[in-house]
$ cat start-v2.txt   # compact mmCIF, C-alpha atoms
# COMPACT_ATOMS: atom_id res chain seq x y z
CA MET P 1 -17.36 16.52 10.34
CA ASN P 2 -15.11 15.84 13.28
CA LYS P 3 -12.94 12.82 12.56
CA LYS P 4 -12.30 10.34 9.81
CA ILE P 5 -12.68 6.93 11.45
CA CYS P 6 -11.32 3.89 9.66
CA VAL P 7 -13.30 0.74 10.41
CA TYR P 8 -11.83 -2.70 9.76
CA THR P 9 -14.30 -5.57 9.78
CA SER P 10 -15.68 -8.62 7.98
CA SER P 11 -17.19 -8.94 4.53
CA SER P 12 -18.61 -12.38 5.31
CA THR P 13 -22.24 -12.88 4.34
CA VAL P 14 -22.99 -15.77 6.71
CA LEU P 15 -22.56 -14.09 10.10
CA ASP P 16 -24.80 -14.18 13.13
CA LYS P 17 -27.22 -11.24 13.14
CA LYS P 18 -25.62 -9.78 16.30
CA TYR P 19 -22.45 -8.90 14.36
CA LEU P 20 -24.41 -7.18 11.60
CA GLU P 21 -26.36 -5.21 14.22
CA LEU P 22 -23.12 -4.12 15.90
CA ALA P 23 -21.76 -2.90 12.57
CA ARG P 24 -24.95 -1.00 11.70
CA SER P 25 -25.04 0.63 15.15
CA LEU P 26 -21.42 1.75 14.78
CA GLY P 27 -22.20 3.23 11.38
CA ARG P 28 -25.20 5.12 12.76
CA ALA P 29 -23.14 6.46 15.65
CA ILE P 30 -20.39 7.64 13.30
CA GLY P 31 -22.97 9.34 11.09
CA LYS P 32 -24.82 10.97 14.01
CA ALA P 33 -21.55 12.36 15.37
CA ARG P 34 -20.81 13.85 11.93
CA ASP P 35 -17.63 11.85 11.80
CA ALA P 36 -16.73 10.25 8.46
CA LEU P 37 -16.23 6.58 7.66
CA VAL P 38 -13.03 5.44 5.97
CA TYR P 39 -13.24 1.80 4.93
CA GLY P 40 -12.67 -0.86 2.28
CA ALA P 41 -15.70 0.13 0.17
CA GLY P 42 -17.56 -3.18 0.41
CA ILE P 43 -21.35 -3.56 0.42
CA ILE P 44 -21.43 -7.08 1.85
CA GLY P 45 -21.23 -8.36 5.40
CA MET P 46 -20.37 -6.08 8.30
CA MET P 47 -18.57 -3.69 5.95
CA GLY P 48 -21.82 -2.93 4.16
CA GLU P 49 -23.73 -2.61 7.42
CA VAL P 50 -21.32 0.02 8.76
CA ALA P 51 -21.60 2.01 5.52
CA GLU P 52 -25.40 1.77 5.45
CA GLY P 53 -25.56 2.98 9.05
CA VAL P 54 -23.43 6.01 8.22
CA ARG P 55 -25.53 6.68 5.11
CA GLU P 56 -28.79 6.47 7.10
CA GLU P 57 -27.53 9.32 9.28
CA GLY P 58 -26.32 11.41 6.34
CA GLY P 59 -22.63 10.91 7.07
CA SER P 60 -19.67 10.93 4.69
CA ILE P 61 -18.16 7.68 3.44
CA TYR P 62 -14.67 7.39 1.95
CA GLY P 63 -14.20 4.03 0.28
CA PHE P 64 -11.02 2.47 -1.05
CA ILE P 65 -11.29 -0.71 -3.08
CA PRO P 66 -8.63 -2.62 -5.00
CA GLU P 67 -9.18 -2.92 -8.73
CA ARG P 68 -9.64 -6.68 -8.46
CA LEU P 69 -12.59 -6.28 -6.05
CA ASN P 70 -14.26 -3.36 -7.83
CA ILE P 71 -17.19 -5.51 -8.94
CA LYS P 72 -20.91 -4.70 -8.97
CA GLY P 73 -22.43 -6.35 -5.91
CA ILE P 74 -19.14 -6.13 -4.00
CA ALA P 75 -18.29 -2.42 -4.18
CA TYR P 76 -20.49 0.04 -2.27
CA GLU P 77 -21.97 2.43 -4.81
CA HIS P 78 -23.07 5.12 -2.34
CA CYS P 79 -19.66 6.29 -1.15
CA THR P 80 -19.18 10.03 -0.91
CA SER P 81 -15.80 9.32 -2.48
CA LEU P 82 -14.71 5.98 -3.96
CA GLU P 83 -11.10 5.40 -4.96
CA VAL P 84 -10.02 2.31 -6.86
CA THR P 85 -6.48 1.26 -5.93
CA PRO P 86 -4.15 -1.03 -7.88
CA ASP P 87 -3.79 -3.49 -4.98
CA MET P 88 -4.49 -4.23 -1.31
CA TYR P 89 -1.22 -2.66 -0.11
CA THR P 90 -2.06 0.68 -1.68
CA ARG P 91 -5.59 0.46 -0.31
CA LYS P 92 -4.33 -0.08 3.25
CA LYS P 93 -1.85 2.78 2.99
CA LYS P 94 -4.41 5.24 1.67
CA MET P 95 -6.91 4.26 4.36
CA SER P 96 -4.42 4.54 7.22
CA ASP P 97 -3.06 7.85 5.90
CA MET P 98 -6.55 9.39 5.69
CA ALA P 99 -7.82 8.10 9.04
CA ASP P 100 -7.69 9.98 12.32
CA ALA P 101 -8.59 6.82 14.27
CA PHE P 102 -9.15 3.08 13.81
CA ILE P 103 -11.93 0.81 15.04
CA ILE P 104 -11.51 -2.96 14.79
CA LEU P 105 -14.82 -4.81 14.71
CA PRO P 106 -15.02 -8.62 14.60
CA GLY P 107 -13.47 -9.94 11.41
CA GLY P 108 -11.29 -12.52 9.74
CA PHE P 109 -7.82 -12.63 8.17
CA GLY P 110 -8.10 -9.23 6.47
CA THR P 111 -9.25 -7.53 9.66
CA MET P 112 -6.38 -9.06 11.62
CA ASP P 113 -3.90 -8.00 8.92
CA GLU P 114 -5.20 -4.42 9.07
CA PHE P 115 -5.17 -4.34 12.88
CA PHE P 116 -1.60 -5.57 13.13
CA ASP P 117 -0.54 -3.25 10.33
CA VAL P 118 -1.70 -0.09 12.14
CA LEU P 119 -0.54 -1.41 15.52
CA THR P 120 2.93 -2.02 14.07
CA LEU P 121 2.98 1.46 12.50
CA LYS P 122 2.20 2.87 15.93
CA GLN P 123 4.79 0.66 17.65
CA LEU P 124 7.47 1.88 15.24
CA GLY P 125 6.47 5.52 15.68
CA TYR P 126 5.05 6.18 12.21
CA MET P 127 1.77 7.39 13.72
CA ASP P 128 0.08 8.02 17.05
CA LYS P 129 -3.62 7.60 16.33
CA PRO P 130 -6.20 5.83 18.51
CA ILE P 131 -6.83 2.15 17.83
CA VAL P 132 -9.91 0.54 19.38
CA ILE P 133 -10.84 -3.14 19.39
CA VAL P 134 -14.59 -3.56 19.85
CA GLN P 135 -15.28 -6.76 21.75
CA LEU P 136 -18.63 -8.55 21.34
CA ASP P 137 -19.50 -11.67 23.35
CA GLY P 138 -15.85 -12.62 23.81
CA PHE P 139 -15.02 -12.60 20.08
CA TYR P 140 -11.56 -11.15 20.70
CA ASP P 141 -10.76 -13.00 23.95
CA GLY P 142 -8.24 -15.21 22.15
CA LEU P 143 -6.52 -12.24 20.51
CA ILE P 144 -6.36 -10.31 23.79
CA HIS P 145 -4.92 -13.39 25.51
CA GLN P 146 -2.31 -13.79 22.75
CA LEU P 147 -1.32 -10.13 23.04
CA SER P 148 -0.96 -10.59 26.83
CA THR P 149 1.27 -13.61 26.21
CA MET P 150 3.47 -11.54 23.87
CA PHE P 151 3.86 -8.95 26.65
CA SER P 152 4.48 -11.43 29.47
CA GLU P 153 6.99 -13.44 27.44
CA LYS P 154 8.76 -10.22 26.41
CA PHE P 155 8.24 -10.58 22.66
CA THR P 156 7.06 -6.97 22.86
CA LYS P 157 7.18 -4.35 25.58
CA ALA P 158 4.34 -4.47 28.09
CA SER P 159 4.06 -0.67 27.82
CA PHE P 160 2.79 -1.15 24.25
CA GLU P 161 -0.50 -2.40 25.67
CA LYS P 162 -1.50 1.27 25.90
CA TYR P 163 -1.24 1.51 22.09
CA TYR P 164 -4.74 0.07 21.70
CA HIS P 165 -7.96 0.14 23.70
CA VAL P 166 -10.43 -2.71 24.14
CA SER P 167 -14.04 -1.57 24.27
CA ASN P 168 -17.27 -3.42 24.97
CA SER P 169 -19.53 -0.89 23.27
CA VAL P 170 -19.81 1.48 20.34
CA SER P 171 -20.31 4.44 22.66
CA ASP P 172 -17.17 3.63 24.66
CA ALA P 173 -15.14 3.21 21.46
CA LEU P 174 -16.19 6.62 20.13
CA GLU P 175 -15.70 8.26 23.53
CA TYR P 176 -12.15 6.87 23.68
CA ILE P 177 -11.44 8.29 20.21
CA ASN P 178 -12.93 11.69 21.05
CA ASN P 179 -10.89 11.97 24.25
CA TYR P 180 -7.70 10.42 22.87
CA GLU P 181 -4.44 11.91 24.05
CA PRO P 182 -1.28 10.82 22.22
CA VAL P 183 0.32 8.06 24.25
CA GLY P 184 3.90 9.24 24.02
CA LEU P 185 5.47 6.68 21.76
CA THR P 186 8.59 4.94 22.98
CA SER P 187 11.24 3.03 21.10
CA LYS P 188 10.55 -0.58 20.25
CA TRP P 189 14.04 -1.37 21.50

$ encode --input "start-v2.txt" --output "structure tokens"
Amino acid sequence: MNKKICVYTSSSTVLDKKYLELARSLGRAIGKARDALVYGAGIIGMMGEVAEGVREEGGSIYGFIPERLNIKGIAYEHCTSLEVTPDMYTRKKKMSDMADAFIILPGGFGTMDEFFDVLTLKQLGYMDKPIVIVQLDGFYDGLIHQLSTMFSEKFTKASFEKYYHVSNSVSDALEYINNYEPVGLTSKW
């Protein structure tokens, strides 16, 4: 096992097939590389597809699920290790502490919360781990535009753009993680 890669993504069950295929392909690639998946321990939506892809390739899966969501049909029962946390905050902390890298697949509110959480931790110097946004058919165009606006309007330093990488493929995302060099964190101020 090389790295523990935390994947943030959707648990929606009504997504276009292309998103589910992206998630499954990422899971397979993580498993083939003998990296481990760290994730929110869900079986539904893209979360479940990533886990199933890792499992198909014989990879390790570390799941963290809050007590409130630890329900049959929601929680993934095939985790190598499954930890039930008291709440979402503890879940996020345990996942980010364990992870060597983060991949952001298309997702909703929870995915955005997790992305901005680890990006803020990096901005404030609490960690220097790779963060990769995987773009599919322009899904994150609006987010990338908003981040650019934050830089251009000086709500955050333009140099912080190097704190995350935007990728158009699973292979590029994993290559970025494998070749990651710490970016040399600078002060927010």

$ atom_distance --input "start-v2.txt" --atom1 "CA of Thr85 (chain P)" --atom2 "CA of Glu56 (chain P)"
26.4 Å

$ closest_residue --input "start-v2.txt" --among "P:Tyr176, P:Pro182, P:Leu143, P:Lys32" --to "Gly108 (chain P)" --atoms "all atoms listed in the file"
P:Leu143

$ closest_residue --input "start-v2.txt" --among "P:Ser187, P:Thr120, P:Thr80, P:Ser25" --to "Ser60 (chain P)" --atoms "all atoms listed in the file"
P:Thr80

$ atom_distance --input "start-v2.txt" --atom1 "CA of Gly110 (chain P)" --atom2 "CA of Met88 (chain P)"
9.9 Å

$ closest_residue --input "start-v2.txt" --among "P:Asp16, P:Glu67, P:Glu77, P:Asp100" --to "Lys3 (chain P)" --atoms "all atoms listed in the file"
P:Asp100

$ closest_residue --input "start-v2.txt" --among "P:Ala158, P:Leu69, P:Ile74, P:Val183" --to "Lys122 (chain P)" --atoms "all atoms listed in the file"
P:Val183

$ residues_near_point --input "start-v2.txt" --point "(-19.7, -10.2, 0.0)" --cutoff "6 Å" --atoms "all atoms listed in the file" --output "PyMOL selection string"
chain P and resi 11-13+44-45+74

$ write_last_selection --input "start-v2.txt" --atoms "C-alpha atoms" --output "CSV table (one decimal), in the frame of the given file"
chain,number,residue,atom,x,y,z
P,11,SER,CA,-17.2,-8.9,4.5
P,12,SER,CA,-18.6,-12.4,5.3
P,13,THR,CA,-22.2,-12.9,4.3
P,44,ILE,CA,-21.4,-7.1,1.8
P,45,GLY,CA,-21.2,-8.4,5.4
P,74,ILE,CA,-19.1,-6.1,-4.0

$ closest_residue --input "start-v2.txt" --among "P:Val166, P:Leu26, P:Ala41, P:Leu82" --to "Val54 (chain P)" --atoms "all atoms listed in the file"
P:Leu26

$ residues_around --input "start-v2.txt" --residues "Met95 (chain P)" --least-positions-apart "3" --cutoff "12 Å" --atoms "all atoms listed in the file" --output "ChimeraX atom specification"
/P:4-8,37-41,61-66,82-85,88-92,98-102,114,117-118

$ write_last_selection --input "start-v2.txt" --atoms "C-alpha atoms" --output "PDB file, in the frame of the given file"
ATOM      1  CA  LYS P   4     -12.300  10.340   9.810  1.00  0.00           C
ATOM      2  CA  ILE P   5     -12.680   6.930  11.450  1.00  0.00           C
ATOM      3  CA  CYS P   6     -11.320   3.890   9.660  1.00  0.00           C
ATOM      4  CA  VAL P   7     -13.300   0.740  10.410  1.00  0.00           C
ATOM      5  CA  TYR P   8     -11.830  -2.700   9.760  1.00  0.00           C
ATOM      6  CA  LEU P  37     -16.230   6.580   7.660  1.00  0.00           C
ATOM      7  CA  VAL P  38     -13.030   5.440   5.970  1.00  0.00           C
ATOM      8  CA  TYR P  39     -13.240   1.800   4.930  1.00  0.00           C
ATOM      9  CA  GLY P  40     -12.670  -0.860   2.280  1.00  0.00           C
ATOM     10  CA  ALA P  41     -15.700   0.130   0.170  1.00  0.00           C
ATOM     11  CA  ILE P  61     -18.160   7.680   3.440  1.00  0.00           C
ATOM     12  CA  TYR P  62     -14.670   7.390   1.950  1.00  0.00           C
ATOM     13  CA  GLY P  63     -14.200   4.030   0.280  1.00  0.00           C
ATOM     14  CA  PHE P  64     -11.020   2.470  -1.050  1.00  0.00           C
ATOM     15  CA  ILE P  65     -11.290  -0.710  -3.080  1.00  0.00           C
ATOM     16  CA  PRO P  66      -8.630  -2.620  -5.000  1.00  0.00           C
ATOM     17  CA  LEU P  82     -14.710   5.980  -3.960  1.00  0.00           C
ATOM     18  CA  GLU P  83     -11.100   5.400  -4.960  1.00  0.00           C
ATOM     19  CA  VAL P  84     -10.020   2.310  -6.860  1.00  0.00           C
ATOM     20  CA  THR P  85      -6.480   1.260  -5.930  1.00  0.00           C
ATOM     21  CA  MET P  88      -4.490  -4.230  -1.310  1.00  0.00           C
ATOM     22  CA  TYR P  89      -1.220  -2.660  -0.110  1.00  0.00           C
ATOM     23  CA  THR P  90      -2.060   0.680  -1.680  1.00  0.00           C
ATOM     24  CA  ARG P  91      -5.590   0.460  -0.310  1.00  0.00           C
ATOM     25  CA  LYS P  92      -4.330  -0.080   3.250  1.00  0.00           C
ATOM     26  CA  MET P  98      -6.550   9.390   5.690  1.00  0.00           C
ATOM     27  CA  ALA P  99      -7.820   8.100   9.040  1.00  0.00           C
ATOM     28  CA  ASP P 100      -7.690   9.980  12.320  1.00  0.00           C
ATOM     29  CA  ALA P 101      -8.590   6.820  14.270  1.00  0.00           C
ATOM     30  CA  PHE P 102      -9.150   3.080  13.810  1.00  0.00           C
ATOM     31  CA  GLU P 114      -5.200  -4.420   9.070  1.00  0.00           C
ATOM     32  CA  ASP P 117      -0.540  -3.250  10.330  1.00  0.00           C
ATOM     33  CA  VAL P 118      -1.700  -0.090  12.140  1.00  0.00           C
TER      34      VAL P 118
END

$ closest_residue --input "start-v2.txt" --among "P:Ile131, P:Glu175, P:Gln123, P:Asn168" --to "Thr156 (chain P)" --atoms "all atoms listed in the file"
P:Gln123

$ atom_distance --input "start-v2.txt" --atom1 "CA of Met46 (chain P)" --atom2 "CA of Met127 (chain P)"
26.5 Å

$ residues_around --input "start-v2.txt" --residues "Glu57 (chain P)" --least-positions-apart "4" --cutoff "10 Å" --atoms "all atoms listed in the file" --output "list in words"
Gly27, Arg28, Ala29, Ile30, Gly31, Lys32, Ala33, Arg34, Glu52 and Gly53 of chain P

$ axis_aligned_box --input "start-v2.txt" --around "region 126-136 of chain P" --padding-each-side "6 Å" --output "JSON"
{"center_x": -6.8, "center_y": -0.3, "center_z": 17.0, "size_x": 35.7, "size_y": 28.6, "size_z": 21.5}

$ residues_around --input "start-v2.txt" --residues "Ser159 (chain P)" --least-positions-apart "2" --cutoff "12 Å" --atoms "only C-alpha atoms" --output "list in words"
Gln123, Leu147, Ser148, Met150, Phe151, Ser152, Lys154, Phe155, Thr156, Lys157, Glu161, Lys162, Tyr163, Tyr164, Val183, Gly184, Leu185, Thr186, Ser187, Lys188 and Trp189 of chain P
